[in-house]
Amino acid sequence: METEGYRFMDQSVHKVTLVPENRSVEVPAGITLREALSLLEVIVTAPCGGEGTCGKCTVKLENGSAGVTPLTSSERALLTSEQLSAGIRLSCLARVSGDTVVSVPPASRASEMRVLAGGKGRNVPVQPAVVKTVVVMPPQTLDEPYARLEHLRRCGALRADLRADLEMLRRIPAILEAGDHMTAVMHGNRLLDLQPGDTSGVCFGLALDLGTTTVVATLIDLTTGRDVARASMTNRQTAYGHDVVGRINLTIEKSDGLETLRRAALESLNRVTEQVVDRAGIRREDIYEATVVGNATMMHLFLGISPASLGKLPYIATVGDAVTAPADEVGLNLRPDTPVYVLPNIAGFVGADTVGAILATSLDEDDGRVRMMADIGTNCEIALRMGKRLIVTSTPAGPAFEGARIACGMYAAPGAIEEIKINGDVRCKTIGREPPRGLCGSGLVDACAELLRLGVVDWTGRMLPVTEHDGGLPRFLLDRLTAHENDLAFTLSQSDSGRPIVLTQRDFRELQLAKGAIRTGIDLLLEKAGLTVDDLDEFCVAGGFGNYLNEANAVRLGLLPRLPSGEIRFIGNGALVGAKLTLLSSVMRQTGEQVARQAEHLQIAGTPDFQMRFSEAMLFEPQT
């Protein structure tokens, strides 16, 4: 093992101590600090996937430079002299060479994050695949010589094709000897369990959303359809790259890449499952089914299927159909035989999360209106309903809205600037009302929209230096225009440590790339249907990020189409709502599978004038 000339010749073990938590772990020499911290369940944000190019995974050495390898050339280039003097290192490049003590600044931690765990849905009959039925079984007589499982079917008026696996058959005699009142737990024609007494009121399901950045779980009472508990956390796969392209590449470049990412996803899913079980005060054994949504890459990784074919033209998924498998086979910590239902993919990068969002917005139905839905995230999926046609596409929005590749960007965690207003002064609102630490996605949109409105940035996205304003800007704005690492920047606020929180010219270009990709997808999908924005009766914005957007600012930037008031609707986490709907309703499950089969897929990257349209979509409307 070697790093910039530093060679590890032994297999010695050293202790890495995290402060102020005062927790330690012993690791082999040569492991990166980022890998060591993950063993302490501290996920350090790393949009570049640990390639040493983003400069976001900073940690502080509390014992000088003891116990780690010397500074690399990349660290010298990415870290300021003040950071280097303070003992700041990049955790993906600094490797353990002895006992060391580190702390992780709040801005570098990816474990605490505000995500949207709910969302608006639709009313459906509660018809879950899992059913509990109370059965009274009187003793059999000589006139009833059939097997005891058949006796159970007859006494409970259960379906004639009810089957039980060998493990269940072995348990039946003891249960029947315990009494004549019992509860049969059925999933379709399969007998999942047979329980003494009446337990029909205790029946739960689990809806899981495996997002690229976040993982969300909702525990559902299948007897009432109500949410019981929710939990969310950062997807531990973010330690290996912020977007799906980086993760696909990891599975191609490393022999254990697929298994590494599958384990990271399962650690996240099992953690949020543990949290909802604890919060609800139930037994894990009382969960009888789980449904899972996510984009196509996430679903492949969850199932342990190589996503390599999604990383190259023509971007074909290995599996598109819905998948049902027992929990122990997929790796979820539930009853081993608990059915886990993975929603179907549509095509390419339009995955199960899009199917869920389509169900959540009722785009599976033709109600006579022209409706569009955009699920905005690292990847943006768009669906259009026009009469009997449902057309879908996807476009790579990039990780800018998650704070990646933004100079002072961060996740939507406490201290992130989430709202900005400029009117005589620059007013910033942070999540949790904590001191500012950085800029999250909604704050990025606000900042860019305000600077565009005020003329600090022109319609091409160029930030104008002081010399080009000719007295047209108030002094309080001019004073905030400054240089930041050889780039023009606008100072938004100061962190509690005195570090300026800025929006740079490069940041604005990153937003333009994301905005251009999303609007190109919207415009090309409408064009495919022979429509324009004016034909839309409703535009639904799905996704946790979209729910926190300032609508007026998103429209000003052109991120969302300009529509009459009330025609833009924010629906929250549509993917999770779809997972809940398919958990509660067998009809919705069938509908989702029908949507996946019948939707028309538009591959916008293959559109002849895509690059020209994309370049045009990056521009802004001139401000008046």
# chains A, B, ... in the order shown; residues from 1 in each chain; ligands from 1
>>> select_by_dssp(residues="segment 25-207 of chain A", states="strand (DSSP E or B)", output="VMD selection string")
chain A and resid 25 to 28 32 44 58 to 65 68 88 to 90 95 to 96 100 to 103 109 119 127 130 to 136 163 181 to 187 190 to 196 204 to 207
>>> residues_around(residues="Asp180 of chain A", least_positions_apart="2", cutoff="10 Å", atoms="only C-alpha atoms", output="JSON, numbers by chain")
{"A": [135, 136, 137, 138, 139, 175, 176, 177, 178, 182, 196, 197]}
>>> write_last_selection(atoms="N, CA and C atoms", output="PDB file, in the first residue's frame")
ATOM      1  N   VAL A 135     -59.584 -17.693  13.475  1.00  0.00           N
ATOM      2  CA  VAL A 135     -60.164 -18.991  13.140  1.00  0.00           C
ATOM      3  C   VAL A 135     -60.502 -19.744  14.431  1.00  0.00           C
ATOM      4  N   VAL A 136     -61.708 -20.300  14.484  1.00  0.00           N
ATOM      5  CA  VAL A 136     -62.097 -21.182  15.585  1.00  0.00           C
ATOM      6  C   VAL A 136     -62.121 -22.604  15.027  1.00  0.00           C
ATOM      7  N   MET A 137     -61.297 -23.498  15.622  1.00  0.00           N
ATOM      8  CA  MET A 137     -61.158 -24.852  15.106  1.00  0.00           C
ATOM      9  C   MET A 137     -61.630 -25.870  16.134  1.00  0.00           C
ATOM     10  N   PRO A 138     -62.878 -26.340  16.027  1.00  0.00           N
ATOM     11  CA  PRO A 138     -63.341 -27.392  16.939  1.00  0.00           C
ATOM     12  C   PRO A 138     -62.613 -28.695  16.640  1.00  0.00           C
ATOM     13  N   PRO A 139     -62.570 -29.574  17.575  1.00  0.00           N
ATOM     14  CA  PRO A 139     -61.887 -30.868  17.357  1.00  0.00           C
ATOM     15  C   PRO A 139     -62.498 -31.617  16.174  1.00  0.00           C
ATOM     16  N   ILE A 175     -49.202 -25.500  17.721  1.00  0.00           N
ATOM     17  CA  ILE A 175     -50.139 -24.373  17.802  1.00  0.00           C
ATOM     18  C   ILE A 175     -51.559 -24.882  17.953  1.00  0.00           C
ATOM     19  N   LEU A 176     -51.913 -25.917  17.192  1.00  0.00           N
ATOM     20  CA  LEU A 176     -53.275 -26.446  17.271  1.00  0.00           C
ATOM     21  C   LEU A 176     -53.553 -27.095  18.624  1.00  0.00           C
ATOM     22  N   GLU A 177     -52.533 -27.652  19.257  1.00  0.00           N
ATOM     23  CA  GLU A 177     -52.730 -28.264  20.573  1.00  0.00           C
ATOM     24  C   GLU A 177     -52.946 -27.224  21.664  1.00  0.00           C
ATOM     25  N   ALA A 178     -52.533 -25.962  21.401  1.00  0.00           N
ATOM     26  CA  ALA A 178     -52.608 -24.916  22.428  1.00  0.00           C
ATOM     27  C   ALA A 178     -54.023 -24.397  22.633  1.00  0.00           C
ATOM     28  N   MET A 182     -57.399 -19.233  17.165  1.00  0.00           N
ATOM     29  CA  MET A 182     -56.083 -18.838  16.647  1.00  0.00           C
ATOM     30  C   MET A 182     -56.263 -17.828  15.522  1.00  0.00           C
ATOM     31  N   PRO A 196     -51.582 -18.412  18.386  1.00  0.00           N
ATOM     32  CA  PRO A 196     -52.633 -18.700  19.362  1.00  0.00           C
ATOM     33  C   PRO A 196     -53.415 -17.432  19.702  1.00  0.00           C
ATOM     34  N   GLY A 197     -54.746 -17.569  19.859  1.00  0.00           N
ATOM     35  CA  GLY A 197     -55.574 -16.448  20.260  1.00  0.00           C
ATOM     36  C   GLY A 197     -55.868 -15.494  19.122  1.00  0.00           C
TER      37      GLY A 197
END
>>> residues_around(residues="segment 603-619 of chain A", least_positions_apart="6", cutoff="8 Å", atoms="only C-alpha atoms", output="ChimeraX atom specification")
/A:393-395,459-461,512-513,515-517,519-521,524
>>> residues_around(residues="segment 464-478 of chain A", least_positions_apart="6", cutoff="9 Å", atoms="only C-alpha atoms", output="MDAnalysis selection string")
chainID A and resid 424:426 454:458 488 490
>>> select_by_dssp(residues="segment 79-266 of chain A", states="alpha helix (DSSP H)", output="ChimeraX atom specification")
/A:81-85,148-155,166-177,244-253,257-266
>>> closest_atom_pairs(of="segment 147-248 of chain A", to="segment 44-66 of chain A", cutoff="9 Å", atoms="only C-alpha atoms", output="tab-separated table")
residue	atom	partner	partner_atom	distance
A:Thr238	CA	A:Ala46	CA	6.9
A:Ala239	CA	A:Gly49	CA	6.0
A:Tyr240	CA	A:Gly49	CA	4.3
A:Gly241	CA	A:Gly49	CA	3.2
A:His242	CA	A:Pro47	CA	4.4
A:Asp243	CA	A:Pro47	CA	7.7
A:Gly246	CA	A:Gly49	CA	6.9
A:Arg247	CA	A:Gly49	CA	8.2
>>> closest_residue(among="A:Tyr411, A:Phe302, A:Tyr315, A:Phe545", to="Cys380 of chain A", atoms="only C-alpha atoms")
A:Phe545
>>> atom_distance(atom1="atom CA of Ala529 of chain A", atom2="atom CA of His601 of chain A")
11.9 Å
>>> residues_around(residues="Leu576 of chain A", least_positions_apart="4", cutoff="12 Å", atoms="only C-alpha atoms", output="CSV table (one decimal) with N, CA and C atoms, in the first residue's frame")
chain,number,residue,atom,x,y,z
A,115,VAL,N,-34.8,15.5,6.1
A,115,VAL,CA,-35.4,15.0,4.9
A,115,VAL,C,-36.9,14.9,5.0
A,116,LEU,N,-37.6,14.9,3.9
A,116,LEU,CA,-39.1,14.8,4.0
A,116,LEU,C,-39.5,13.4,4.1
A,117,ALA,N,-40.1,13.0,5.2
A,117,ALA,CA,-40.4,11.6,5.4
A,117,ALA,C,-41.9,11.3,5.1
A,118,GLY,N,-42.6,12.3,4.8
A,118,GLY,CA,-44.0,12.1,4.5
A,118,GLY,C,-44.4,12.6,3.1
A,119,GLY,N,-45.5,13.1,2.9
A,119,GLY,CA,-45.9,13.6,1.6
A,119,GLY,C,-47.4,13.4,1.4
A,120,LYS,N,-48.0,14.2,0.4
A,120,LYS,CA,-49.4,14.0,0.1
A,120,LYS,C,-49.6,12.8,-0.7
A,121,GLY,N,-50.8,12.2,-0.5
A,121,GLY,CA,-51.0,11.0,-1.2
A,121,GLY,C,-52.4,11.0,-1.8
A,206,LEU,N,-43.9,-2.2,6.4
A,206,LEU,CA,-42.8,-1.3,6.4
A,206,LEU,C,-42.6,-0.8,5.0
A,207,ALA,N,-42.7,0.6,4.8
A,207,ALA,CA,-42.4,1.2,3.5
A,207,ALA,C,-41.1,1.8,3.6
A,208,LEU,N,-40.2,1.5,2.6
A,208,LEU,CA,-38.8,2.0,2.6
A,208,LEU,C,-38.5,2.7,1.3
A,209,ASP,N,-37.8,3.9,1.4
A,209,ASP,CA,-37.4,4.6,0.3
A,209,ASP,C,-35.9,4.7,0.3
A,210,LEU,N,-35.2,3.9,-0.6
A,210,LEU,CA,-33.8,3.9,-0.6
A,210,LEU,C,-33.3,5.0,-1.7
A,211,GLY,N,-33.1,6.2,-1.2
A,211,GLY,CA,-32.7,7.3,-2.1
A,211,GLY,C,-31.2,7.3,-2.3
A,214,THR,N,-30.6,9.9,0.8
A,214,THR,CA,-31.2,9.6,2.1
A,214,THR,C,-32.0,8.3,2.0
A,215,VAL,N,-32.3,7.7,3.2
A,215,VAL,CA,-33.1,6.5,3.4
A,215,VAL,C,-34.2,6.9,4.4
A,216,VAL,N,-35.4,6.5,4.0
A,216,VAL,CA,-36.6,6.9,4.8
A,216,VAL,C,-37.4,5.6,5.1
A,217,ALA,N,-37.9,5.4,6.3
A,217,ALA,CA,-38.8,4.3,6.6
A,217,ALA,C,-40.0,4.8,7.2
A,218,THR,N,-41.2,4.2,6.9
A,218,THR,CA,-42.4,4.5,7.6
A,218,THR,C,-43.1,3.2,8.0
A,219,LEU,N,-43.4,3.1,9.2
A,219,LEU,CA,-44.1,1.9,9.7
A,219,LEU,C,-45.6,2.1,9.6
A,220,ILE,N,-46.3,1.2,9.0
A,220,ILE,CA,-47.8,1.4,8.7
A,220,ILE,C,-48.6,0.3,9.5
A,227,ASP,N,-50.0,5.8,9.5
A,227,ASP,CA,-48.6,5.8,9.8
A,227,ASP,C,-48.4,5.7,11.3
A,230,ARG,N,-41.9,7.0,11.9
A,230,ARG,CA,-41.0,7.3,10.7
A,230,ARG,C,-39.6,7.5,11.2
A,232,SER,N,-35.4,8.5,9.4
A,232,SER,CA,-34.7,8.7,8.2
A,232,SER,C,-33.2,9.0,8.5
A,291,THR,N,-42.2,-2.9,1.5
A,291,THR,CA,-42.1,-2.5,0.2
A,291,THR,C,-41.0,-1.5,0.0
A,292,VAL,N,-40.3,-1.6,-1.1
A,292,VAL,CA,-39.1,-0.8,-1.3
A,292,VAL,C,-39.1,0.0,-2.6
A,293,VAL,N,-38.8,1.3,-2.6
A,293,VAL,CA,-38.7,2.1,-3.8
A,293,VAL,C,-37.3,2.7,-3.8
A,294,GLY,N,-36.9,3.1,-5.0
A,294,GLY,CA,-35.6,3.8,-5.2
A,294,GLY,C,-35.4,3.9,-6.7
A,295,ASN,N,-34.3,4.6,-7.1
A,295,ASN,CA,-34.1,4.7,-8.6
A,295,ASN,C,-33.5,3.3,-9.0
A,343,LEU,N,-40.8,-2.4,-6.0
A,343,LEU,CA,-41.6,-1.9,-7.1
A,343,LEU,C,-40.8,-2.0,-8.4
A,352,ALA,N,-38.1,2.6,-9.8
A,352,ALA,CA,-39.3,2.3,-8.9
A,352,ALA,C,-39.7,3.6,-8.2
A,353,ASP,N,-38.8,4.5,-7.9
A,353,ASP,CA,-39.2,5.7,-7.2
A,353,ASP,C,-40.1,6.6,-8.1
A,354,THR,N,-39.9,6.5,-9.4
A,354,THR,CA,-40.8,7.2,-10.3
A,354,THR,C,-42.2,6.6,-10.3
A,355,VAL,N,-42.2,5.2,-10.3
A,355,VAL,CA,-43.5,4.5,-10.3
A,355,VAL,C,-44.3,5.0,-9.0
A,356,GLY,N,-43.5,5.0,-7.9
A,356,GLY,CA,-44.2,5.4,-6.6
A,356,GLY,C,-44.7,6.9,-6.7
A,357,ALA,N,-43.9,7.8,-7.3
A,357,ALA,CA,-44.4,9.2,-7.4
A,357,ALA,C,-45.6,9.3,-8.4
A,358,ILE,N,-45.6,8.5,-9.4
A,358,ILE,CA,-46.7,8.5,-10.3
A,358,ILE,C,-48.0,8.1,-9.6
A,359,LEU,N,-47.9,7.0,-8.8
A,359,LEU,CA,-49.1,6.6,-8.0
A,359,LEU,C,-49.5,7.7,-7.0
A,360,ALA,N,-48.5,8.4,-6.4
A,360,ALA,CA,-48.8,9.4,-5.4
A,360,ALA,C,-49.5,10.6,-6.0
A,361,THR,N,-49.2,10.9,-7.2
A,361,THR,CA,-49.8,12.1,-7.9
A,361,THR,C,-51.0,11.7,-8.8
A,375,ASP,N,-39.8,14.8,-10.2
A,375,ASP,CA,-39.2,14.4,-8.9
A,375,ASP,C,-37.8,14.9,-8.9
A,542,ALA,N,-42.2,16.7,-6.8
A,542,ALA,CA,-42.0,15.7,-5.8
A,542,ALA,C,-40.5,15.7,-5.3
A,543,GLY,N,-40.3,15.1,-4.2
A,543,GLY,CA,-39.0,15.0,-3.7
A,543,GLY,C,-38.8,15.9,-2.5
A,544,GLY,N,-37.9,15.5,-1.5
A,544,GLY,CA,-37.7,16.3,-0.3
A,544,GLY,C,-37.2,17.6,-0.6
A,571,ILE,N,-45.8,18.0,-3.6
A,571,ILE,CA,-46.4,16.9,-3.0
A,571,ILE,C,-45.5,16.1,-2.0
A,572,GLY,N,-44.3,16.6,-1.8
A,572,GLY,CA,-43.4,15.9,-0.8
A,572,GLY,C,-42.7,14.6,-1.4
A,580,LYS,N,-46.0,3.3,0.3
A,580,LYS,CA,-47.0,3.1,1.2
A,580,LYS,C,-48.3,2.6,0.5
A,581,LEU,N,-48.6,3.2,-0.6
A,581,LEU,CA,-49.8,2.8,-1.3
A,581,LEU,C,-49.8,1.4,-1.8
A,582,THR,N,-48.6,0.9,-2.2
A,582,THR,CA,-48.5,-0.5,-2.7
A,582,THR,C,-48.5,-1.4,-1.5
A,583,LEU,N,-48.1,-0.9,-0.3
A,583,LEU,CA,-48.2,-1.8,0.9
A,583,LEU,C,-49.6,-1.9,1.4
>>> residues_around(residues="Asp337 of chain A", least_positions_apart="4", cutoff="10 Å", atoms="only C-alpha atoms", output="ChimeraX atom specification")
/A:165,167,192-193,288-289,325-329
>>> residues_around(residues="Leu40 of chain A", least_positions_apart="6", cutoff="8 Å", atoms="only C-alpha atoms", output="list of chain:residue names")
A:Arg23, A:Ser24, A:Val25
>>> closest_residue(among="A:Gly351, A:Thr224, A:Glu267, A:Arg389", to="Pro125 of chain A", atoms="only C-alpha atoms")
A:Thr224
>>> closest_atom_pairs(of="segment 431-538 of chain A", to="segment 100-106 of chain A", cutoff="12 Å", atoms="only C-alpha atoms", output="JSON lines")
{"residue": "A:Glu434", "atom": "CA", "partner": "A:Pro106", "partner_atom": "CA", "distance": 11.7}
{"residue": "A:Pro435", "atom": "CA", "partner": "A:Pro106", "partner_atom": "CA", "distance": 11.4}
{"residue": "A:Pro436", "atom": "CA", "partner": "A:Pro106", "partner_atom": "CA", "distance": 11.0}
{"residue": "A:Arg437", "atom": "CA", "partner": "A:Pro106", "partner_atom": "CA", "distance": 8.0}
{"residue": "A:Gly438", "atom": "CA", "partner": "A:Pro106", "partner_atom": "CA", "distance": 10.2}
{"residue": "A:Ser495", "atom": "CA", "partner": "A:Pro106", "partner_atom": "CA", "distance": 11.7}
{"residue": "A:Asp496", "atom": "CA", "partner": "A:Pro106", "partner_atom": "CA", "distance": 11.6}
{"residue": "A:Ser497", "atom": "CA", "partner": "A:Pro105", "partner_atom": "CA", "distance": 11.1}
>>> write_last_selection(atoms="C-alpha atoms", output="PDB file, in the first residue's frame")
ATOM      1  CA  GLU A 434     -28.526  27.527  14.496  1.00  0.00           C
ATOM      2  CA  PRO A 435     -25.466  29.614  13.543  1.00  0.00           C
ATOM      3  CA  PRO A 436     -24.755  29.434   9.783  1.00  0.00           C
ATOM      4  CA  ARG A 437     -22.492  26.594   8.679  1.00  0.00           C
ATOM      5  CA  GLY A 438     -23.057  26.438   4.937  1.00  0.00           C
ATOM      6  CA  SER A 495     -20.085  31.145  10.037  1.00  0.00           C
ATOM      7  CA  ASP A 496     -19.797  30.982  13.821  1.00  0.00           C
ATOM      8  CA  SER A 497     -16.068  30.463  13.335  1.00  0.00           C
TER       9      SER A 497
END
>>> closest_residue(among="A:Gln598, A:Ser309, A:Ser493, A:Asn22", to="Ala296 of chain A", atoms="only C-alpha atoms")
A:Ser309
>>> atom_distance(atom1="atom CA of Leu444 of chain A", atom2="atom CA of Pro564 of chain A")
24.4 Å
>>> decode(residues="segment 96-111 of chain A", atoms="N, CA and C atoms", output="PDB file, in the first residue's frame")
ATOM      1  N   VAL A  96      -3.953   6.264   8.267  1.00  0.00           N
ATOM      2  CA  VAL A  96      -3.487   5.967   9.624  1.00  0.00           C
ATOM      3  C   VAL A  96      -2.104   5.325   9.574  1.00  0.00           C
ATOM      4  N   SER A  97      -1.174   5.918  10.337  1.00  0.00           N
ATOM      5  CA  SER A  97       0.167   5.331  10.449  1.00  0.00           C
ATOM      6  C   SER A  97       0.559   5.118  11.905  1.00  0.00           C
ATOM      7  N   GLY A  98      -0.333   5.508  12.829  1.00  0.00           N
ATOM      8  CA  GLY A  98      -0.092   5.350  14.257  1.00  0.00           C
ATOM      9  C   GLY A  98      -1.349   5.741  15.017  1.00  0.00           C
ATOM     10  N   ASP A  99      -1.307   5.719  16.338  1.00  0.00           N
ATOM     11  CA  ASP A  99      -2.460   6.156  17.133  1.00  0.00           C
ATOM     12  C   ASP A  99      -2.722   7.633  16.863  1.00  0.00           C
ATOM     13  N   THR A 100      -3.985   7.988  16.700  1.00  0.00           N
ATOM     14  CA  THR A 100      -4.311   9.385  16.412  1.00  0.00           C
ATOM     15  C   THR A 100      -5.655   9.750  17.016  1.00  0.00           C
ATOM     16  N   VAL A 101      -5.858  11.052  17.197  1.00  0.00           N
ATOM     17  CA  VAL A 101      -7.089  11.589  17.768  1.00  0.00           C
ATOM     18  C   VAL A 101      -7.655  12.606  16.787  1.00  0.00           C
ATOM     19  N   VAL A 102      -8.925  12.449  16.410  1.00  0.00           N
ATOM     20  CA  VAL A 102      -9.537  13.346  15.430  1.00  0.00           C
ATOM     21  C   VAL A 102     -10.903  13.823  15.911  1.00  0.00           C
ATOM     22  N   SER A 103     -11.310  14.966  15.381  1.00  0.00           N
ATOM     23  CA  SER A 103     -12.677  15.446  15.552  1.00  0.00           C
ATOM     24  C   SER A 103     -13.238  15.743  14.174  1.00  0.00           C
ATOM     25  N   VAL A 104     -14.550  15.672  14.039  1.00  0.00           N
ATOM     26  CA  VAL A 104     -15.207  15.891  12.758  1.00  0.00           C
ATOM     27  C   VAL A 104     -16.079  17.133  12.854  1.00  0.00           C
ATOM     28  N   PRO A 105     -15.761  18.201  12.121  1.00  0.00           N
ATOM     29  CA  PRO A 105     -16.588  19.413  12.166  1.00  0.00           C
ATOM     30  C   PRO A 105     -18.023  19.104  11.757  1.00  0.00           C
ATOM     31  N   PRO A 106     -18.994  19.823  12.320  1.00  0.00           N
ATOM     32  CA  PRO A 106     -20.402  19.558  11.963  1.00  0.00           C
ATOM     33  C   PRO A 106     -20.661  19.611  10.460  1.00  0.00           C
ATOM     34  N   ALA A 107     -20.005  20.540   9.745  1.00  0.00           N
ATOM     35  CA  ALA A 107     -20.260  20.666   8.309  1.00  0.00           C
ATOM     36  C   ALA A 107     -19.793  19.448   7.521  1.00  0.00           C
ATOM     37  N   SER A 108     -18.915  18.635   8.116  1.00  0.00           N
ATOM     38  CA  SER A 108     -18.401  17.459   7.419  1.00  0.00           C
ATOM     39  C   SER A 108     -19.206  16.203   7.720  1.00  0.00           C
ATOM     40  N   ARG A 109     -20.088  16.283   8.686  1.00  0.00           N
ATOM     41  CA  ARG A 109     -20.861  15.095   9.062  1.00  0.00           C
ATOM     42  C   ARG A 109     -22.088  14.968   8.177  1.00  0.00           C
ATOM     43  N   ALA A 110     -22.308  13.771   7.680  1.00  0.00           N
ATOM     44  CA  ALA A 110     -23.466  13.521   6.821  1.00  0.00           C
ATOM     45  C   ALA A 110     -24.533  12.707   7.529  1.00  0.00           C
ATOM     46  N   SER A 111     -24.413  12.530   8.836  1.00  0.00           N
ATOM     47  CA  SER A 111     -25.333  11.629   9.529  1.00  0.00           C
ATOM     48  C   SER A 111     -26.611  12.319   9.973  1.00  0.00           C
TER      49      SER A 111
END
